[in-house]
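Colleague: coords35.txt is reproduced in full below (compact mmCIF, C-alpha atoms and all ligand atoms).
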```txt
# COMPACT_ATOMS: atom_id res chain seq x y z
CA MET A 191 -11.21 2.81 -33.45
CA THR A 192 -11.09 -0.79 -34.75
CA PRO A 193 -12.91 -3.60 -32.88
CA ALA A 194 -9.53 -5.04 -31.88
CA GLN A 195 -8.39 -1.69 -30.45
CA SER A 196 -11.58 -1.27 -28.44
CA MET A 197 -11.41 -4.86 -27.17
CA LEU A 198 -7.89 -4.25 -25.86
CA ARG A 199 -8.88 -0.85 -24.45
CA LYS A 200 -11.70 -2.54 -22.55
CA ALA A 201 -9.37 -5.23 -21.23
CA THR A 202 -6.49 -2.99 -20.18
CA GLY A 203 -7.48 0.67 -20.41
CA LEU A 204 -4.57 1.23 -22.76
CA ASN A 205 -4.96 3.71 -25.57
CA LEU A 206 -3.24 1.71 -28.31
CA SER A 207 -2.53 2.67 -31.90
CA LYS A 208 -3.93 0.56 -34.73
CA SER A 209 -0.46 -0.43 -35.89
CA ILE A 210 0.56 -1.74 -32.45
CA VAL A 211 -2.64 -3.76 -32.16
CA ASP A 212 -2.39 -5.11 -35.71
CA ARG A 213 1.21 -6.14 -35.16
CA ALA A 214 0.33 -7.96 -31.93
CA ILE A 215 -2.58 -9.76 -33.57
CA LYS A 216 -0.43 -10.78 -36.53
CA ASN A 217 2.08 -12.23 -34.10
CA ARG A 218 -0.62 -14.23 -32.26
CA MET A 219 -2.28 -15.38 -35.49
CA GLU A 220 0.97 -17.10 -36.42
CA ARG A 221 0.61 -19.20 -33.27
CA THR A 222 -3.10 -19.97 -33.67
CA ASP A 223 -5.01 -21.41 -36.61
CA ALA A 224 -6.92 -18.20 -37.37
CA ALA A 225 -6.93 -17.39 -41.08
CA ASN A 226 -7.55 -13.67 -40.67
CA GLN A 227 -8.04 -10.98 -38.03
CA ASP A 228 -11.85 -11.33 -37.94
CA GLN A 229 -11.61 -15.04 -37.35
CA TYR A 230 -8.94 -14.52 -34.70
CA LEU A 231 -11.17 -12.08 -32.83
CA GLU A 232 -14.19 -14.39 -33.10
CA GLN A 233 -12.22 -17.26 -31.56
CA MET A 234 -10.95 -15.12 -28.66
CA THR A 235 -10.66 -16.88 -25.29
CA PRO A 236 -9.57 -15.42 -21.93
CA ALA A 237 -6.22 -17.19 -22.23
CA GLU A 238 -5.68 -15.86 -25.75
CA LEU A 239 -6.60 -12.36 -24.64
CA THR A 240 -4.00 -12.58 -21.87
CA ALA A 241 -1.39 -13.63 -24.43
CA LEU A 242 -2.38 -10.74 -26.68
CA VAL A 243 -2.25 -8.22 -23.83
CA GLU A 244 1.25 -9.43 -23.08
CA LEU A 245 2.33 -8.16 -26.50
CA VAL A 246 0.97 -4.63 -26.15
CA VAL A 247 2.02 -3.65 -22.62
CA VAL A 248 5.14 -1.57 -22.06
CA PRO A 249 6.94 -3.36 -19.22
CA GLU A 250 9.72 -0.80 -19.06
CA SER A 251 11.15 -0.30 -15.56
CA TRP A 252 14.42 -0.27 -13.69
CA PHE A 253 15.70 -0.12 -10.12
CA TYR A 254 15.75 3.32 -8.47
CA ARG A 255 13.80 4.90 -11.33
CA ASP A 256 13.10 8.49 -10.27
CA GLN A 257 14.59 7.63 -6.95
CA GLN A 258 13.44 10.68 -4.99
CA ALA A 259 10.00 9.10 -4.79
CA PHE A 260 11.43 6.22 -2.76
CA HIS A 261 13.26 8.55 -0.41
CA ALA A 262 10.14 10.65 0.10
CA ALA A 263 8.11 7.49 0.77
CA ALA A 264 10.73 6.21 3.21
CA GLU A 265 10.60 9.47 5.16
CA PHE A 266 6.84 9.18 5.27
CA VAL A 267 6.99 5.56 6.48
CA ARG A 268 9.48 6.54 9.14
CA ALA A 269 7.18 9.34 10.35
CA ARG A 270 4.20 6.98 10.37
CA LEU A 271 6.10 4.49 12.51
CA ALA A 272 7.42 7.18 14.81
CA ALA A 273 3.82 8.20 15.49
CA ASP A 274 2.70 4.61 16.08
CA GLY A 275 5.39 1.94 16.35
CA ASN A 276 2.86 -0.90 16.42
CA ARG A 277 1.27 -0.23 13.09
CA LEU A 278 1.96 -2.12 9.88
CA VAL A 279 2.59 0.35 7.06
CA ARG A 280 1.02 -0.87 3.83
CA ILE A 281 2.49 0.04 0.48
CA LEU A 282 1.07 -0.68 -2.95
CA THR A 283 2.89 -0.57 -6.26
CA ILE A 284 0.67 -0.88 -9.29
CA PRO A 285 1.79 -1.44 -11.98
CA CYS A 286 4.96 -3.11 -10.75
CA ALA A 287 6.25 -4.34 -14.16
CA GLY A 288 9.02 -6.89 -13.41
CA GLY A 289 9.21 -5.97 -9.72
CA GLU A 290 11.92 -3.32 -9.99
CA GLU A 291 9.76 -0.70 -8.26
CA PRO A 292 8.54 -2.68 -5.21
CA TYR A 293 11.96 -4.22 -4.64
CA THR A 294 13.54 -0.76 -4.80
CA MET A 295 11.10 0.40 -2.14
CA ALA A 296 12.04 -2.56 0.06
CA MET A 297 15.76 -1.88 -0.45
CA VAL A 298 15.41 1.80 0.41
CA LEU A 299 13.43 0.98 3.56
CA SER A 300 15.91 -1.69 4.56
CA ASP A 301 18.85 0.69 4.02
CA ALA A 302 17.02 3.32 6.07
CA GLY A 303 16.90 0.87 8.98
CA ILE A 304 13.13 0.37 8.92
CA ALA A 305 12.32 -2.95 10.59
CA SER A 306 11.10 -5.58 8.13
CA GLY A 307 8.13 -6.47 10.32
CA SER A 308 6.74 -2.94 10.22
CA TYR A 309 5.77 -2.72 6.55
CA ILE A 310 4.52 -4.84 3.68
CA ILE A 311 4.50 -4.10 -0.04
CA ASP A 312 1.78 -5.39 -2.37
CA ALA A 313 2.71 -5.35 -6.04
CA PHE A 314 0.38 -5.89 -9.00
CA ASP A 315 0.72 -5.90 -12.75
CA ILE A 316 -1.72 -6.89 -15.45
CA SER A 317 0.92 -8.86 -17.34
CA PRO A 318 1.52 -12.48 -16.25
CA GLY A 319 4.97 -12.28 -17.86
CA CYS A 320 5.87 -9.33 -15.65
CA VAL A 321 4.50 -11.07 -12.57
CA GLU A 322 6.54 -14.17 -13.31
CA ARG A 323 9.70 -12.09 -13.76
CA ALA A 324 9.02 -10.19 -10.55
CA LYS A 325 8.53 -13.43 -8.64
CA SER A 326 11.76 -14.88 -10.02
CA GLY A 327 13.68 -11.87 -8.67
CA ILE A 328 16.33 -12.30 -11.37
CA TYR A 329 17.47 -9.30 -13.39
CA GLY A 330 19.87 -8.51 -16.20
CA ARG A 331 21.89 -5.42 -16.96
CA ASN A 332 18.93 -3.38 -18.21
CA ALA A 333 17.38 -3.21 -14.77
CA PHE A 334 20.47 -1.50 -13.33
CA ARG A 335 20.56 1.96 -14.89
CA SER A 336 21.27 4.20 -11.95
CA GLN A 337 24.76 5.57 -11.54
CA ASP A 338 25.20 4.36 -7.99
CA LEU A 339 25.03 0.57 -7.97
CA GLY A 340 25.91 0.14 -4.30
CA PHE A 341 22.44 -1.29 -3.75
CA ARG A 342 23.30 -4.19 -6.06
CA ASP A 343 26.23 -5.17 -3.87
CA ARG A 344 24.11 -4.92 -0.75
CA HIS A 345 20.97 -6.72 -1.89
CA PHE A 346 21.75 -9.00 -4.85
CA SER A 347 23.85 -12.05 -5.55
CA HIS A 348 25.61 -12.42 -8.89
CA ILE A 349 24.37 -15.59 -10.56
CA GLY A 350 26.43 -15.62 -13.70
CA ASP A 351 26.82 -13.63 -16.92
CA ASP A 352 24.95 -10.37 -16.39
CA ASP A 353 22.29 -11.78 -14.07
CA TYR A 354 21.66 -10.91 -10.45
CA ARG A 355 19.16 -12.31 -7.95
CA VAL A 356 17.55 -10.10 -5.33
CA SER A 357 18.12 -11.28 -1.75
CA GLU A 358 15.58 -13.36 0.13
CA ALA A 359 15.31 -10.66 2.82
CA ILE A 360 14.09 -8.15 0.23
CA ARG A 361 11.87 -10.62 -1.63
CA LYS A 362 9.92 -11.56 1.45
CA GLN A 363 8.83 -7.94 1.93
CA VAL A 364 6.97 -7.95 -1.39
CA ARG A 365 3.76 -9.85 -2.26
CA ILE A 366 3.38 -10.05 -6.04
CA LYS A 367 0.13 -10.81 -7.85
CA GLN A 368 -1.44 -10.34 -11.23
CA GLY A 369 -4.05 -7.58 -11.25
CA ASN A 370 -5.72 -4.94 -13.37
CA LEU A 371 -5.96 -1.55 -11.69
CA LEU A 372 -9.26 -0.83 -13.41
CA GLU A 373 -10.80 -3.99 -11.99
CA PHE A 374 -9.34 -3.72 -8.53
CA ASP A 375 -11.78 -5.05 -5.93
CA LEU A 376 -12.15 -2.28 -3.40
CA SER A 377 -14.46 -4.08 -0.99
CA ALA A 378 -11.79 -4.99 1.55
CA ARG A 379 -9.25 -2.32 0.66
CA THR A 380 -10.87 1.08 0.95
CA GLY A 381 -8.36 3.43 2.53
CA TYR A 382 -6.08 0.43 3.00
CA TYR A 383 -2.75 1.74 1.71
CA ASP A 384 -0.52 4.32 3.38
CA VAL A 385 1.63 4.72 0.28
CA ILE A 386 0.81 4.00 -3.34
CA PHE A 387 3.13 4.01 -6.32
CA CYS A 388 1.26 4.26 -9.59
CA ARG A 389 3.87 5.46 -12.02
CA ASN A 390 4.00 5.46 -15.77
CA LEU A 391 0.64 3.87 -16.39
CA LEU A 392 -1.83 6.75 -16.73
CA ILE A 393 0.27 8.18 -19.56
CA TYR A 394 -1.02 5.28 -21.65
CA PHE A 395 -4.67 5.92 -20.78
CA ASP A 396 -7.20 8.27 -22.36
CA LYS A 397 -9.01 10.88 -20.29
CA PRO A 398 -12.02 8.86 -19.07
CA THR A 399 -9.81 5.87 -18.22
CA THR A 400 -7.39 8.13 -16.37
CA LYS A 401 -10.30 9.49 -14.35
CA ALA A 402 -11.55 5.97 -13.54
CA ALA A 403 -8.05 4.85 -12.54
CA ILE A 404 -7.56 7.87 -10.26
CA ALA A 405 -10.91 7.15 -8.62
CA LYS A 406 -9.70 3.60 -7.82
CA LEU A 407 -6.44 4.90 -6.44
CA GLU A 408 -8.22 7.55 -4.41
CA ALA A 409 -10.34 4.84 -2.82
CA LEU A 410 -7.36 2.60 -2.08
CA LEU A 411 -5.28 5.35 -0.48
CA ALA A 412 -5.71 6.28 3.19
CA ASN A 413 -6.98 9.83 3.56
CA ASP A 414 -3.65 10.94 4.95
CA GLY A 415 -1.58 8.71 2.66
CA GLN A 416 0.84 9.63 -0.10
CA LEU A 417 0.80 8.61 -3.76
CA PHE A 418 3.70 8.73 -6.18
CA ALA A 419 3.00 9.18 -9.88
CA GLY A 420 5.08 9.41 -13.03
CA TYR A 421 6.49 12.85 -13.77
CA ALA A 422 3.96 13.57 -16.51
CA GLU A 423 1.04 12.23 -14.52
CA VAL A 424 0.90 14.70 -11.64
CA PRO A 425 -1.33 17.23 -13.45
CA SER A 426 -3.97 14.54 -14.00
CA PHE A 427 -4.05 13.87 -10.27
CA CYS A 428 -4.23 17.60 -9.58
CA GLN A 429 -7.30 17.79 -11.80
CA HIS A 430 -8.98 15.00 -9.85
CA GLY A 431 -8.80 15.89 -6.18
CA PHE A 432 -5.09 15.65 -5.37
CA SER A 433 -2.45 18.26 -4.52
CA PRO A 434 1.27 18.03 -5.27
CA LEU A 435 3.54 16.92 -2.47
CA GLN A 436 6.40 19.34 -1.97
CA TYR A 437 9.33 17.00 -2.22
CA PRO A 438 11.67 17.71 -5.12
CA GLN A 439 11.47 15.30 -8.03
CA ALA A 440 9.40 12.76 -6.14
CA PHE A 441 6.23 13.50 -8.15
CA GLY A 442 4.14 12.78 -5.09
CA VAL A 443 0.57 13.86 -4.42
CA VAL A 444 -1.78 13.81 -1.45
CA LYS A 445 -5.53 13.98 -1.23
CA GLU A 446 -6.62 17.61 -1.47
CA ALA A 447 -8.40 17.53 1.87
CA ALA A 448 -5.20 16.33 3.56
CA ALA A 449 -2.97 18.97 1.93
CA THR A 450 -1.79 21.80 4.14
CA PRO A 451 0.10 24.79 2.79
CA ARG A 452 3.76 24.27 3.34
CA LYS A 453 6.90 26.15 2.51
CA PRO A 454 8.30 25.04 -0.84
CA ALA A 455 10.89 22.37 -0.27
CA VAL A 456 14.23 23.59 -1.48
CA VAL A 457 16.25 20.51 -0.68
CA ALA A 458 14.64 17.66 1.18
CA ALA A 459 17.41 15.48 2.50
CA PRO A 460 17.05 11.89 1.34
CA LEU A 461 17.54 9.13 3.87
CA ARG A 462 20.12 7.45 1.68
CA PRO A 463 22.83 8.13 -0.90
CA LYS A 464 23.14 11.85 -0.92
CA ALA A 465 25.76 11.93 -3.60
CA THR A 466 23.36 10.61 -6.22
CA ALA A 467 20.35 12.65 -5.19
CA PRO A 468 19.57 15.59 -7.46
CA ARG A 469 19.56 18.67 -5.29
CA VAL A 470 17.40 21.07 -7.20
CA ALA A 471 13.64 21.07 -6.87
CA LEU A 472 12.49 20.29 -10.39
CA PRO A 473 8.74 19.93 -10.83
CA PRO A 474 7.06 17.36 -13.03
CA ALA A 475 7.88 18.04 -16.64
CA PRO A 476 5.43 18.02 -19.52
CA ALA A 477 4.88 14.97 -21.69
CA ALA A 478 7.56 16.13 -24.12
CA PRO A 479 10.62 16.71 -21.93
CA PRO A 480 12.49 19.92 -22.66
CA THR A 481 15.59 19.42 -24.75
CA THR A 482 17.73 20.68 -21.91
CA HIS A 483 16.42 18.16 -19.38
CA VAL A 484 19.41 16.05 -18.53
CA THR A 485 18.41 14.02 -15.48
CA ARG A 486 15.77 11.68 -16.87
CA PRO A 487 16.57 8.52 -18.82
CA ALA A 488 14.22 8.43 -21.79
CA GLU A 489 11.85 5.54 -22.50
CA PRO A 490 13.04 3.86 -25.67
CA ARG A 491 10.89 5.02 -28.54
CA ALA A 492 11.29 5.26 -32.25
CA SER A 493 12.56 8.69 -33.19
CA ALA A 494 14.43 10.50 -35.92
CA PRO A 495 18.18 10.76 -35.38
CA ALA A 496 18.88 13.71 -33.11
CA ALA A 497 20.39 16.80 -34.71
CA ALA A 498 23.67 17.99 -33.21
CA PRO A 499 22.82 20.32 -30.31
CA SER A 500 23.58 23.98 -30.87
CA PRO A 501 26.13 25.61 -28.56
CA ALA A 502 23.30 27.67 -27.01
CA VAL A 503 21.45 24.53 -26.02
CA ASN A 504 24.69 23.11 -24.67
CA LEU A 505 25.12 26.09 -22.37
CA LEU A 506 21.63 25.54 -20.97
CA ALA A 507 22.11 21.78 -20.70
CA GLU A 508 25.31 22.44 -18.81
CA ALA A 509 23.49 24.95 -16.57
CA ARG A 510 20.85 22.31 -15.77
CA ARG A 511 23.47 19.70 -15.05
CA LEU A 512 25.37 22.01 -12.73
CA ALA A 513 22.11 22.99 -11.02
CA ASP A 514 21.33 19.31 -10.47
CA LEU A 515 24.75 18.93 -8.87
CA GLY A 516 24.02 21.89 -6.62
CA ASP A 517 26.78 24.02 -8.13
CA VAL A 518 24.78 27.24 -8.01
CA LYS A 519 27.55 29.63 -8.97
CA ALA A 520 28.74 27.72 -12.00
CA SER A 521 25.20 27.11 -13.18
CA GLU A 522 24.33 30.77 -12.82
CA GLY A 523 27.44 31.66 -14.87
CA LYS A 524 26.26 29.41 -17.70
CA CYS A 525 22.79 30.97 -17.63
CA ARG A 526 24.25 34.47 -17.80
CA ASP A 527 26.56 33.50 -20.69
CA HIS A 528 23.53 32.11 -22.46
CA LEU A 529 21.48 35.23 -21.78
CA ALA A 530 24.26 37.41 -23.15
CA GLN A 531 23.71 35.67 -26.49
CA HIS A 532 19.93 35.14 -26.14
CA PRO A 533 18.43 37.84 -23.93
CA GLU A 534 14.96 36.39 -24.40
CA SER A 535 15.68 32.85 -23.31
CA ALA A 536 12.80 31.74 -21.10
CA GLU A 537 14.64 28.57 -20.11
CA ALA A 538 17.63 30.50 -18.77
CA TYR A 539 15.32 32.55 -16.55
CA PHE A 540 13.62 29.37 -15.44
CA ILE A 541 16.93 27.87 -14.32
CA LEU A 542 17.88 31.12 -12.57
CA GLY A 543 14.58 30.79 -10.70
CA LEU A 544 15.54 27.29 -9.57
CA LEU A 545 18.95 28.47 -8.42
CA ASN A 546 17.42 31.24 -6.35
CA GLU A 547 14.92 28.83 -4.85
CA LEU A 548 17.82 26.58 -3.95
CA THR A 549 19.47 29.41 -2.05
CA ASN A 550 16.18 30.39 -0.45
CA LYS A 551 15.81 33.70 -2.30
CA LEU A 552 12.18 33.05 -3.02
CA LYS A 553 11.23 36.55 -4.13
CA LEU A 554 13.99 36.55 -6.70
CA ALA A 555 13.03 33.05 -7.79
CA GLU A 556 9.48 34.24 -8.30
CA ASP A 557 10.66 37.21 -10.37
CA TYR A 558 12.70 34.95 -12.65
CA TRP A 559 9.85 32.50 -13.16
CA LYS A 560 7.49 35.37 -13.92
CA ARG A 561 9.96 36.64 -16.49
CA CYS A 562 10.14 33.11 -17.86
CA ILE A 563 6.39 32.84 -18.40
CA TYR A 564 6.25 36.37 -19.77
CA LEU A 565 8.65 35.22 -22.48
CA GLN A 566 7.12 31.78 -22.83
CA PRO A 567 3.54 31.75 -21.53
CA ASP A 568 3.26 27.97 -21.85
CA HIS A 569 6.33 27.12 -19.75
CA TYR A 570 4.81 24.28 -17.74
CA GLU A 571 7.55 23.86 -15.17
CA ALA A 572 7.69 27.58 -14.33
CA LEU A 573 3.92 27.64 -13.87
CA CYS A 574 4.11 24.63 -11.52
CA HIS A 575 6.79 26.35 -9.46
CA LEU A 576 4.85 29.59 -9.28
CA ALA A 577 1.77 27.63 -8.20
CA LEU A 578 3.70 25.95 -5.38
CA LEU A 579 5.09 29.31 -4.32
CA ALA A 580 1.62 30.87 -4.30
CA GLU A 581 0.37 27.96 -2.21
CA ALA A 582 3.19 28.43 0.28
CA ASN A 583 2.25 32.12 0.49
CA ASN A 584 -1.34 31.14 1.32
CA ASP A 585 -2.54 32.52 -1.99
CA ALA A 586 -4.95 29.67 -2.70
CA ALA A 587 -6.77 31.45 -5.52
CA GLY A 588 -3.52 32.39 -7.29
CA ALA A 589 -2.20 28.84 -6.86
CA ALA A 590 -5.41 27.34 -8.25
CA ALA A 591 -5.31 29.64 -11.30
CA LEU A 592 -1.67 28.78 -11.99
CA LYS A 593 -2.33 25.05 -11.56
CA ALA A 594 -5.31 25.21 -13.89
CA ARG A 595 -3.20 27.02 -16.46
CA ALA A 596 -0.43 24.40 -16.11
CA ALA A 597 -2.99 21.62 -16.44
CA ARG A 598 -4.38 23.20 -19.63
CA ILE A 599 -0.89 23.41 -21.09
CA TYR A 600 -0.18 19.85 -20.09
CA LYS A 601 -3.36 18.70 -21.77
CA ARG A 602 -2.56 20.63 -24.92
CA GLN A 603 0.94 19.20 -25.03
CA GLN A 604 -0.45 15.70 -24.63
CA ALA A 605 -2.89 16.24 -27.47
C1 LIG B 1 5.99 1.41 -18.06
S1 LIG B 1 5.57 0.12 -16.92
C2 LIG B 1 5.64 0.98 -15.40
C3 LIG B 1 6.31 0.18 -14.31
C4 LIG B 1 6.71 0.96 -13.06
N1 LIG B 1 5.57 1.47 -12.35
C5 LIG B 1 7.66 2.07 -13.40
O1 LIG B 1 7.29 3.23 -13.41
O2 LIG B 1 8.82 1.77 -13.66
C6 LIG B 1 3.83 -0.08 -17.28
C7 LIG B 1 3.24 -1.38 -16.76
O3 LIG B 1 1.82 -1.24 -16.69
C8 LIG B 1 1.24 -2.52 -16.80
N2 LIG B 1 -0.21 -2.31 -17.05
C9 LIG B 1 -0.80 -1.88 -18.18
N3 LIG B 1 -2.13 -1.75 -18.00
C10 LIG B 1 -2.37 -2.10 -16.71
C11 LIG B 1 -3.55 -2.15 -15.91
N4 LIG B 1 -4.75 -1.80 -16.41
N5 LIG B 1 -3.45 -2.56 -14.63
C12 LIG B 1 -2.25 -2.92 -14.11
N6 LIG B 1 -1.11 -2.90 -14.82
C13 LIG B 1 -1.16 -2.47 -16.10
C14 LIG B 1 2.06 -3.13 -17.92
O4 LIG B 1 1.99 -4.53 -17.92
C15 LIG B 1 3.47 -2.62 -17.62
O5 LIG B 1 4.21 -3.56 -16.89
```
Since I need it in another form, could you write the structure as structure tokens?
Ligand SMILES: C[S@@+](CC[C@H](N)C(=O)[O-])C[C@H]1O[C@@H](n2cnc3c(N)ncnc32)[C@H](O)[C@@H]1O
Modeller:
Amino acid sequence: MTPAQSMLRKATGLNLSKSIVDRAIKNRMERTDAANQDQYLEQMTPAELTALVELVVVPESWFYRDQQAFHAAAEFVRARLAADGNRLVRILTIPCAGGEEPYTMAMVLSDAGIASGSYIIDAFDISPGCVERAKSGIYGRNAFRSQDLGFRDRHFSHIGDDDYRVSEAIRKQVRIKQGNLLEFDLSARTGYYDVIFCRNLLIYFDKPTTKAAIAKLEALLANDGQLFAGYAEVPSFCQHGFSPLQYPQAFGVVKEAAATPRKPAVVAAPLRPKATAPRVALPPAPAAPPTTHVTRPAEPRASAPAAAPSPAVNLLAEARRLADLGDVKASEGKCRDHLAQHPESAEAYFILGLLNELTNKLKLAEDYWKRCIYLQPDHYEALCHLALLAEANNDAAGAAALKARAARIYKRQQA
């Protein structure tokens, strides 16, 4: 690792490639009088480091990103308030990027009829640029990627061209500050937050940094609180004292001590827009999403042009899409058509498992997922589902073994 890479790793925790760091430094050198990289690093000041960090962070976010997390959190907040109407529910989103995540949480709570005085959202990001954008509350087209844009009509005003400003009522629910998760001062905030969103940050960390970050989050979260991670980050939490929350596609976790075996959630009804809510319980996917995964918008990244999908893949993609829409029969038909051509398709059996879970035929679901991992022993999603099922059946040892196996696969896929 170059000195510049390790300096940035120390400042942010981010595991950055040499080319990204070199490019950022070259950019900053053009604005300073440094003749070369060594000189630039020697002249480093805190302000310059902040400017450099700004160039290496990935501030990618949008409203209602992986929206089930917000619905799960809203249900949790509602339950908290039902148990004690006088309490203030505290929510943390870190990193908040340009504010899309905390404002979404405020919109979902507002739409669910939760009184504004009963919760507060703290939002932090390491990047001053992100913090400034979040405070401005002004967003362009890129922030609105969900299919249902009803929330934009309810909570934004159009301020010309493609720009929208979030309403004052939503803004006042969110306190935005600059902050580094790894340097978070815990003295006054141990067990402070009922809900934490920490999504799409740990994927940029190496193993020791991930562990340190999870330790911070563990300290910040109330013992009976809930934390929402990015879809590829759940296994890391499961390796460090957390258990998955059984709410489809929310990617939530709870502290292990607080976890109680529950029945696997087949469909947990969201508080808000049902039409847009995926209805099949899909677990967190591995770092490299399966080619048939159709529900997740991809982060922009440089890649080779995609080859035209084969008809077999199309059948499975269609089966997934129909499953997401809750059209069990049609989806099952596509799986069977696919299996007629490819009798050893692990993915088809995986989807059949999901469909049977959806219709509460858990034994059949289990059989399909077992067939899936027989054909493809490293099928991460099937292993996660089998682990949840084992947990629901009070088979703690079986669940732990399956989780450990999924975590190993996850790790391998990351490497
Ligand atoms: C991909 S965005 C995720 C935003 C949002 N949570 C989401 O999922 O849409 C990653 C953000 O992490 C921030 N970040 C990077 N390192 C950080 C750190 N150590 N502490 C806090 N924020 C950090 C970046 O500035 C960037 O805005």
Colleague: Given only C-alpha atoms and all ligand atoms as the basis, pick out the residue of A:Leu391, A:Ala509, A:Ala237, A:Ala214 nearest to ligand LIG 1 (chain B).
Modeller: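 Of the candidates, the smallest distance to ligand LIG 1 (chain B) is held by A:Leu391.
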Colleague: Would you mind reading off the distance between CA of Phe341 in chain A and CA of Asp353 in chain A, one decimal, in Å?
Modeller: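 Taking CA of Phe341 in chain A and CA of Asp353 in chain A, their separation equals 14.7 Å.
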Colleague: Tell me which protein, DNA and RNA residues are within 7 Å of Phe253 in chain A, counting only C-alpha atoms, leaving out same-chain ones fewer than 4 positions away, and put them as a ChimeraX atom specification.
Modeller: /A:290-291,294,333-334
Colleague: Could you name the residues that touch range 197-204 of chain A at 6 Å or less, counting all atoms listed in the file, but leaving out those on the same chain fewer than 3 positions away, as a list in words?
Modeller: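 The neighbour list is Ala194, Tyr394 and Phe395 of chain A.
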Colleague: Which one is closest to ligand LIG 1 (chain B): A:Pro425, A:Gly275, A:Gly307, A:Pro249? Count only C-alpha atoms and all ligand atoms.
Modeller: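 Selected residue with least distance to ligand LIG 1 (chain B): A:Pro249.
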Colleague: Tell me which of A:Thr400, A:Asn276, A:Gln195, A:Ser347 sits closest to ligand LIG 1 (chain B), counting only C-alpha atoms and all ligand atoms.
Modeller: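 Checking each candidate against ligand LIG 1 (chain B), we get A:Thr400 as the closest.
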Colleague: Quick one, how far is CA of Thr235 in chain A from CA of Pro318 in chain A?
Modeller: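 Interatomic distance here is 15.8 Å.
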Colleague: In terms of the shortest atom-to-atom distance over all atoms listed in the file, which of A:Asp338, A:Leu552, A:Gly330, A:Gln429 is closest to Tyr600 in chain A?
Modeller: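 Among the listed residues, the smallest separation from Tyr600 in chain A belongs to A:Gln429.
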Colleague: Within 9 Å of (9.9, 3.5, 2.2) in the file's own coordinates, which protein, DNA or RNA residues have an atom, counting only C-alpha atoms? List them as a short mmCIF file (atom, residue, chain, number, x, y, z; two decimals) with C-alpha atoms, keeping the file's coordinate frame.
Modeller:
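The result, stored in out18.cif:
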```
data_model
loop_
_atom_site.label_atom_id
_atom_site.label_comp_id
_atom_site.auth_asym_id
_atom_site.auth_seq_id
_atom_site.Cartn_x
_atom_site.Cartn_y
_atom_site.Cartn_z
CA ALA A 259 10.00 9.10 -4.79
CA PHE A 260 11.43 6.22 -2.76
CA HIS A 261 13.26 8.55 -0.41
CA ALA A 262 10.14 10.65 0.10
CA ALA A 263 8.11 7.49 0.77
CA ALA A 264 10.73 6.21 3.21
CA GLU A 265 10.60 9.47 5.16
CA PHE A 266 6.84 9.18 5.27
CA VAL A 267 6.99 5.56 6.48
CA ARG A 268 9.48 6.54 9.14
CA ILE A 281 2.49 0.04 0.48
CA THR A 294 13.54 -0.76 -4.80
CA MET A 295 11.10 0.40 -2.14
CA ALA A 296 12.04 -2.56 0.06
CA MET A 297 15.76 -1.88 -0.45
CA VAL A 298 15.41 1.80 0.41
CA LEU A 299 13.43 0.98 3.56
CA SER A 300 15.91 -1.69 4.56
CA ALA A 302 17.02 3.32 6.07
CA ILE A 304 13.13 0.37 8.92
CA TYR A 309 5.77 -2.72 6.55
CA VAL A 385 1.63 4.72 0.28
#
```
Colleague: Do a neighbour search on His430 in chain A at 10 Å with only C-alpha atoms, toss out local chain neighbours closer than 4 positions, and write the hits as a count of residues only.
Modeller: 9
Colleague: At what distance in Å, to one decimal, does CA of Trp252 in chain A lie from CA of Ser357 in chain A?
Modeller: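 Distance reported for this atom pair: 16.7 Å.
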Colleague: Calculated over all atoms listed in the file, which of the candidates A:Asn332, A:Asn370, A:Asn226, A:Gln258 has the smallest distance to ligand LIG 1 (chain B)?
Modeller: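 Between A:Asn332, A:Asn370, A:Asn226, A:Gln258, the residue approaching ligand LIG 1 (chain B) most closely is A:Asn370.
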Colleague: Given 6 Å on each side, where is the centre and what are the edge lengths in Å to one decimal of the axis-aligned box enclosing the listed atoms of range 199-215 of chain A, as lines of an AutoDock Vina configuration file?
Modeller:
```
center_x = -5.2
center_y = -3.0
center_z = -28.0
size_x = 24.9
size_y = 25.5
size_z = 27.7
```
Colleague: If you count all atoms listed in the file, which residues fall within 9 Å of His345 in chain A, apart from same-chain ones fewer than 6 positions away, as a list in words?
Modeller: Met297, Arg355, Val356, Ser357, Glu358, Ala359 and Ile360 of chain A
Colleague: Let me see the file: selected residues, C-alpha atoms, as an mmCIF file, in the frame of the given file.
Modeller:
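Generated file (part05.cif):
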```cif
data_model
loop_
_atom_site.group_PDB
_atom_site.id
_atom_site.type_symbol
_atom_site.label_atom_id
_atom_site.label_comp_id
_atom_site.auth_asym_id
_atom_site.auth_seq_id
_atom_site.Cartn_x
_atom_site.Cartn_y
_atom_site.Cartn_z
ATOM 1 C CA MET A 297 15.760 -1.880 -0.450
ATOM 2 C CA ARG A 355 19.160 -12.310 -7.950
ATOM 3 C CA VAL A 356 17.550 -10.100 -5.330
ATOM 4 C CA SER A 357 18.120 -11.280 -1.750
ATOM 5 C CA GLU A 358 15.580 -13.360 0.130
ATOM 6 C CA ALA A 359 15.310 -10.660 2.820
ATOM 7 C CA ILE A 360 14.090 -8.150 0.230
#
```
Colleague: A:Val247, A:Ile541, A:Ala587, A:Ala440: which is nearest Arg511 in chain A, counting all atoms listed in the file?
Modeller: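 Answer, going by the shortest atom-to-atom distance: A:Ile541.
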Colleague: Need the neighbours of (-9.0, -3.0, -2.7): which residues are at most 12 Å away, counting only C-alpha atoms, as an MDAnalysis selection string?
Modeller: chainID A and resid 282 284 312 314 369:383 405:412
